[in-house]
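Visitor: The structure under discussion is supplied below as structure tokens; questions concerning it will follow.
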Amino acid sequence: MVLPRLIPCLDCRDGRVVKGVRFQGLRDAGDPRERAARYDADGADELVLLDVSATPEGREAALDTVRRVREVLTIPLTVGGGVRTIADAERLLAAGADRVAVNTAAVQRPELLTQISTRLGTQCTVLALDAARPAAQGGATPEPEVPEFEVVVQSGRVRTGRSALEWATAATAAGAGEILLTSWDRDGTRTGYDLELIRAICEACTVPVIASGGAATARDLTAAIRAGASAVLVASMLHDGDTTVNAIKSELADTGVEIRR
Amino acid sequence: MTDVLIVPTGIANVASVEAAFRRLGANPRLCDDKAAIASAAAVVLPGVGTFGAGMQRLSELDLVAPLRDRIRAGFPTLAICLGLQLLARGSAESPGVTGLGILDATITRLPATVRVPQLGWNHVEPNGTGALEAGLAVFANTYCLESAPLGWTAATTNYGTRFVSALARGAVLACQFHPEISGDYGQRLLGRWLETALETV
């Protein structure tokens, strides 16, 4: 059977790796090519590169980053961030991505997923889904129409009111071949994955799901895999330098998870 | 430097294929010239998108006959992912579309008991000794070849069902997985295929 994947994530801005908490307060975390080569050599199964630039210049820098990373990277590369058109997706693939992840633009125009999957294949089409639990209502009972997990877009700044489960189902029907599922509540907090969210999305759809947001220990990763995730995304754990891909994989193996060594 | 001609079947991850061959010291380049594809020392048929779209592209480029002829003649050719599936007679993915017909088989969908597409590393298990090595390789497929045709050395993989993950016959190699992004395992496989190609010329 296909093995669960451990996927380091590089958030990049203007050619550098950055990392924040809940998508804010970004701090420098190194050169993407250097990081990519190290994670590859250390046994990473794949790499995700998210461009968090907000400017046209930043987008150009991201393409150059993808080219530089591709030269040294011998494992699959998924690139996301700011993909708004089929042309954006094609540019990323031409630069060296194997798959592209679409987020905000797909929520606004689900047909973008259909366009990308028709042209490049469903295996190339990743839906980046950022989900949040309802905001605290000052102790009041949440409104019944508020979904348990809500889609958030524009780096978490905008709550859509749309159910994450319903969107996951609709997006895979539109052509998404994988879901990169980020818990907005847990992102960068190192408090563990939102396992209920992972279980709910894995039940709602039949494509592979990458769990993201909140991993602090190998135990968290094992829990996400047991909850149904096909892959686990890690960023803060690695960038802070307190562990390595290889060490995490040893711990995963110790917990009984069959993983590529 | 060895020229490696890549058939432009679409955009997809051709940059990854090129990068892998550059790391091996070869000179990969896209080429849709019929005569060059017919006679080149090393040709790669990468696969992207659907079976129907892939065959349509090959027809438009008038490359169906040159590819079929060079593979039948045993000229060094590497088919990747959809490239392997295009060697079949047809596919459940695109009913009515005729493939290259080199393999007397039809491509089927992976079973509904597993998450599709299959994405990630899975075990490649050679049926015998020969060009194929046991190991882990990267897959990204929804469709598959169920059984190995006669006359080919095969490797198989299990994902809901057992399917053919690689086929080899002389200098012709077809992989359902992606050697260009399968780490050291993939680089070794590409390196061996290049060596075979050089010996064959």
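Identifiers in this document derive from the order of the structure tokens: chains are assigned A, B, ..., residues are numbered from 1 separately in each chain, and ligands are numbered from 1 in order of occurrence.
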Which residues of chain B sit at most 9 Å from chain A, using only C-alpha atoms? Give each one's shortest atom pair and distance in Å (one decimal place), in chain and ascending residue order, as a tab-separated table.

Guide:
residue	atom	partner	partner_atom	distance
B:Gly10	CA	A:Leu120	CA	7.9
B:Ile11	CA	A:Ala94	CA	6.7
B:Ala12	CA	A:Leu93	CA	5.9
B:Asn13	CA	A:Asp98	CA	5.0
B:Val14	CA	A:Ala94	CA	7.1
B:Ala15	CA	A:Gly96	CA	4.8
B:Ser16	CA	A:Gly96	CA	5.6
B:Ala19	CA	A:Glu71	CA	5.5
B:Ala20	CA	A:Thr74	CA	7.2
B:Arg22	CA	A:Glu71	CA	8.4
B:Arg23	CA	A:Glu71	CA	7.9
B:Val48	CA	A:Leu120	CA	6.0
B:Gly49	CA	A:Gly121	CA	4.0
B:Thr50	CA	A:Gly121	CA	6.5
B:Ala53	CA	A:Arg119	CA	8.4
B:Ala112	CA	A:Thr206	CA	8.7
B:Val114	CA	A:Thr206	CA	7.8
B:Arg115	CA	A:Val207	CA	5.1
B:Val116	CA	A:Val207	CA	5.3
B:Pro117	CA	A:Gln123	CA	6.0
B:Gln118	CA	A:Val2	CA	7.3
B:Leu119	CA	A:Pro208	CA	7.3
B:Gly120	CA	A:Val2	CA	6.2
B:Trp121	CA	A:Val2	CA	5.6
B:Asn122	CA	A:Val2	CA	4.4
B:His123	CA	A:Met1	CA	7.3
B:Leu136	CA	A:Arg260	CA	7.7
B:Val138	CA	A:Pro76	CA	7.9
B:Phe139	CA	A:Val2	CA	8.4
B:Ala140	CA	A:Gln123	CA	5.9
B:Asn141	CA	A:Gln123	CA	6.8
B:Thr142	CA	A:Gln123	CA	8.0
B:Thr157	CA	A:Met1	CA	7.9
B:Asn158	CA	A:Met1	CA	5.6
B:Tyr159	CA	A:Met1	CA	5.1
B:Gly160	CA	A:Met1	CA	7.6
B:Glu180	CA	A:Thr74	CA	6.9
B:Ile181	CA	A:Ile75	CA	4.2
B:Ser182	CA	A:Ile75	CA	5.6
B:Gly183	CA	A:Thr74	CA	4.7
B:Asp184	CA	A:Thr74	CA	7.6
B:Gly186	CA	A:Thr74	CA	8.3
B:Gln187	CA	A:Thr74	CA	8.0

Visitor: Can you pull out every residue within 6 Å of Thr108 of chain B, counting only C-alpha atoms, but drop anything in the same chain fewer than 5 positions away, and send it as a list in words?

Guide: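 Here the answer would be Ala92, Tyr143 and Cys144 of chain B.
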
Visitor: Pull the strand (DSSP E or B) assignments for segment 12-224 of chain A out of DSSP run on the backbone, and list those residues as a ChimeraX atom specification.

Guide: /A:12-13,16-21,24-28,47-51,77-80,99-102,125-132,150-153,158-163,178-183,209-212

Visitor: Mind listing the helix (DSSP H, G or I) residues of segment 1-182 of chain B, per DSSP on the backbone, as a count of residues only?

Guide: 43

Visitor: Identify, on the basis of only C-alpha atoms, every residue whose closest approach to Phe75 of chain B does not exceed 7 Å; exclude the query and any residue fewer than 3 positions from it along the same chain; express the result as a CSV table (one decimal) with all heavy atoms, in the first residue's frame.

Guide:
chain,number,residue,atom,x,y,z
B,70,ARG,N,9.5,3.0,-33.1
B,70,ARG,CA,10.8,3.0,-32.4
B,70,ARG,C,10.7,2.0,-31.2
B,70,ARG,O,11.6,1.3,-30.8
B,70,ARG,CB,11.3,4.3,-32.0
B,70,ARG,CG,10.6,5.1,-30.9
B,70,ARG,CD,11.4,6.3,-30.5
B,70,ARG,NE,12.6,6.0,-29.7
B,70,ARG,CZ,13.8,6.4,-29.8
B,70,ARG,NH1,14.1,7.2,-30.8
B,70,ARG,NH2,14.7,6.0,-29.0
B,71,ILE,N,9.5,2.0,-30.6
B,71,ILE,CA,9.3,1.1,-29.4
B,71,ILE,C,9.3,-0.4,-29.9
B,71,ILE,O,10.0,-1.2,-29.3
B,71,ILE,CB,8.1,1.5,-28.6
B,71,ILE,CG1,8.3,2.9,-28.0
B,71,ILE,CG2,7.8,0.4,-27.5
B,71,ILE,CD1,7.0,3.5,-27.4
B,171,ALA,N,15.9,-2.0,-24.2
B,171,ALA,CA,16.1,-0.6,-23.8
B,171,ALA,C,14.8,0.2,-23.7
B,171,ALA,O,14.8,1.4,-23.6
B,171,ALA,CB,17.1,0.1,-24.9
B,172,VAL,N,13.7,-0.5,-23.8
B,172,VAL,CA,12.4,0.2,-23.6
B,172,VAL,C,12.0,0.0,-22.2
B,172,VAL,O,11.9,-1.2,-21.7
B,172,VAL,CB,11.4,-0.4,-24.6
B,172,VAL,CG1,10.0,0.3,-24.3
B,172,VAL,CG2,11.8,-0.2,-26.0

Visitor: Could you tell me how far atom CA of Gly81 of chain A sits from atom CA of Ser53 of chain A, in Å to one decimal place?

Guide: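 Interatomic distance here is 7.9 Å.
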
Visitor: Using only C-alpha atoms, which residue out of B:Met55, B:Ala148, B:Leu78, B:Leu45 lies closest to Leu173 of chain B?

Guide: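 When distances to Leu173 of chain B are compared using only C-alpha atoms, the smallest one comes from B:Leu78.
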
Visitor: For Pro76 of chain B, please output as number ranges by chain all residues within 9 Å (counting only C-alpha atoms; exclusion window: fewer than 3 positions along the same chain).

Guide: B: 40-44, 70-71, 170-173, 193-194, 196-198, 200-201

Visitor: Can you spit out the residues from that selection as a short mmCIF file (atom, residue, chain, number, x, y, z; two decimals), in the first residue's frame, using all heavy atoms?

Guide:
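Produced file again-v7.cif, reproduced below:
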data_model
loop_
_atom_site.label_atom_id
_atom_site.label_comp_id
_atom_site.auth_asym_id
_atom_site.auth_seq_id
_atom_site.Cartn_x
_atom_site.Cartn_y
_atom_site.Cartn_z
N ALA B 40 16.26 9.17 -32.64
CA ALA B 40 17.11 9.64 -31.54
C ALA B 40 17.60 8.49 -30.66
O ALA B 40 16.96 7.45 -30.56
CB ALA B 40 16.35 10.65 -30.70
N ALA B 41 18.75 8.72 -30.02
CA ALA B 41 19.35 7.71 -29.15
C ALA B 41 18.51 7.47 -27.90
O ALA B 41 18.48 6.35 -27.38
CB ALA B 41 20.75 8.14 -28.76
N ALA B 42 17.84 8.51 -27.42
CA ALA B 42 17.07 8.36 -26.19
C ALA B 42 15.85 9.27 -26.24
O ALA B 42 15.98 10.48 -26.41
CB ALA B 42 17.93 8.72 -24.98
N VAL B 43 14.66 8.67 -26.09
CA VAL B 43 13.42 9.43 -26.14
C VAL B 43 12.59 9.16 -24.89
O VAL B 43 12.48 8.01 -24.45
CB VAL B 43 12.60 9.07 -27.40
CG1 VAL B 43 11.17 9.63 -27.32
CG2 VAL B 43 13.28 9.59 -28.66
N VAL B 44 12.03 10.23 -24.31
CA VAL B 44 11.17 10.08 -23.15
C VAL B 44 9.75 10.47 -23.53
O VAL B 44 9.52 11.52 -24.14
CB VAL B 44 11.64 10.97 -21.97
CG1 VAL B 44 10.68 10.85 -20.79
CG2 VAL B 44 13.05 10.59 -21.55
N ARG B 70 9.55 3.01 -33.14
CA ARG B 70 10.82 2.96 -32.41
C ARG B 70 10.69 2.02 -31.20
O ARG B 70 11.65 1.32 -30.85
CB ARG B 70 11.35 4.34 -32.03
CG ARG B 70 10.61 5.07 -30.92
CD ARG B 70 11.40 6.32 -30.46
NE ARG B 70 12.56 5.95 -29.66
CZ ARG B 70 13.79 6.38 -29.84
NH1 ARG B 70 14.06 7.21 -30.81
NH2 ARG B 70 14.75 5.99 -29.05
N ILE B 71 9.52 1.99 -30.56
CA ILE B 71 9.35 1.11 -29.40
C ILE B 71 9.31 -0.35 -29.86
O ILE B 71 9.96 -1.22 -29.26
CB ILE B 71 8.08 1.49 -28.60
CG1 ILE B 71 8.26 2.88 -27.98
CG2 ILE B 71 7.79 0.44 -27.52
CD1 ILE B 71 7.00 3.46 -27.37
N GLY B 170 14.45 -4.92 -23.20
CA GLY B 170 15.66 -4.33 -23.77
C GLY B 170 15.82 -2.90 -23.28
O GLY B 170 15.82 -2.66 -22.07
N ALA B 171 15.92 -1.96 -24.20
CA ALA B 171 16.15 -0.56 -23.83
C ALA B 171 14.83 0.22 -23.73
O ALA B 171 14.85 1.44 -23.63
CB ALA B 171 17.07 0.11 -24.85
N VAL B 172 13.73 -0.49 -23.78
CA VAL B 172 12.43 0.17 -23.61
C VAL B 172 11.98 -0.04 -22.16
O VAL B 172 11.93 -1.17 -21.67
CB VAL B 172 11.37 -0.39 -24.58
CG1 VAL B 172 10.02 0.27 -24.32
CG2 VAL B 172 11.81 -0.16 -26.02
N LEU B 173 11.69 1.08 -21.48
CA LEU B 173 11.29 1.03 -20.08
C LEU B 173 10.02 1.85 -19.92
O LEU B 173 9.94 2.98 -20.42
CB LEU B 173 12.42 1.62 -19.23
CG LEU B 173 12.17 1.77 -17.73
CD1 LEU B 173 11.98 0.42 -17.05
CD2 LEU B 173 13.37 2.51 -17.09
N TRP B 193 18.95 3.37 -17.28
CA TRP B 193 18.29 3.41 -18.59
C TRP B 193 19.15 4.20 -19.58
O TRP B 193 19.31 3.79 -20.73
CB TRP B 193 16.89 4.04 -18.47
CG TRP B 193 16.23 4.23 -19.80
CD1 TRP B 193 15.69 3.25 -20.59
CD2 TRP B 193 16.10 5.44 -20.53
NE1 TRP B 193 15.22 3.80 -21.76
CE2 TRP B 193 15.45 5.14 -21.75
CE3 TRP B 193 16.46 6.78 -20.28
CZ2 TRP B 193 15.15 6.12 -22.71
CZ3 TRP B 193 16.16 7.75 -21.22
CH2 TRP B 193 15.52 7.41 -22.42
N LEU B 194 19.75 5.30 -19.12
CA LEU B 194 20.64 6.10 -19.98
C LEU B 194 21.83 5.27 -20.44
O LEU B 194 22.22 5.30 -21.61
CB LEU B 194 21.15 7.33 -19.23
CG LEU B 194 20.45 8.66 -19.46
CD1 LEU B 194 21.22 9.75 -18.74
CD2 LEU B 194 20.34 8.99 -20.94
N THR B 196 21.99 2.01 -20.71
CA THR B 196 21.48 1.04 -21.69
C THR B 196 21.31 1.70 -23.04
O THR B 196 21.65 1.13 -24.08
CB THR B 196 20.12 0.46 -21.23
OG1 THR B 196 20.25 0.07 -19.87
CG2 THR B 196 19.70 -0.72 -22.06
N ALA B 197 20.77 2.94 -23.01
CA ALA B 197 20.54 3.68 -24.26
C ALA B 197 21.87 3.89 -24.99
O ALA B 197 21.96 3.70 -26.21
CB ALA B 197 19.86 5.01 -23.96
N LEU B 198 22.89 4.25 -24.25
CA LEU B 198 24.20 4.51 -24.87
C LEU B 198 24.79 3.24 -25.47
O LEU B 198 25.39 3.26 -26.54
CB LEU B 198 25.16 5.12 -23.85
CG LEU B 198 24.82 6.54 -23.42
CD1 LEU B 198 25.78 7.03 -22.34
CD2 LEU B 198 24.85 7.48 -24.62
N THR B 200 23.07 0.73 -26.57
CA THR B 200 22.23 0.28 -27.68
C THR B 200 22.56 1.02 -28.98
O THR B 200 22.46 0.46 -30.06
CB THR B 200 20.74 0.50 -27.33
OG1 THR B 200 20.51 -0.08 -26.05
CG2 THR B 200 19.82 -0.16 -28.35
N VAL B 201 22.96 2.27 -28.83
CA VAL B 201 23.19 3.11 -30.02
C VAL B 201 24.36 2.60 -30.86
O VAL B 201 25.39 2.25 -30.32
CB VAL B 201 23.46 4.58 -29.58
CG1 VAL B 201 23.87 5.40 -30.80
CG2 VAL B 201 22.24 5.16 -28.95
#

Visitor: I want to know what sits within 10 Å of Glu196 of chain A, based on only C-alpha atoms, with residues of the same chain fewer than 6 positions away left out; could you give that as a count of residues only?

Guide: 4

Visitor: Take atom CA of Leu47 of chain A and atom CA of Ala247 of chain A and report the distance between them in Å, one decimal.

Guide: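 For atom CA of Leu47 of chain A relative to atom CA of Ala247 of chain A, the distance reads 17.1 Å.
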
Visitor: So the first atom is atom CA of Ala229 of chain A and the second is atom CA of Gly156 of chain A; what is the distance between them in Å, to one decimal place?

Guide: 22.0 Å

Visitor: Check the smallest atom-to-atom distance from each of B:Ala168, B:Leu24, B:Val7, B:Leu63 to Glu133 of chain B using only C-alpha atoms, then report the winner.

Guide: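 Checking each candidate against Glu133 of chain B, we get B:Ala168 as the closest.
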
Visitor: Which residues are near Gln108 of chain A? Cut-off 12 Å, only C-alpha atoms, ignore same chain within fewer than 4 positions. Put them as a count of residues only.

Guide: 15
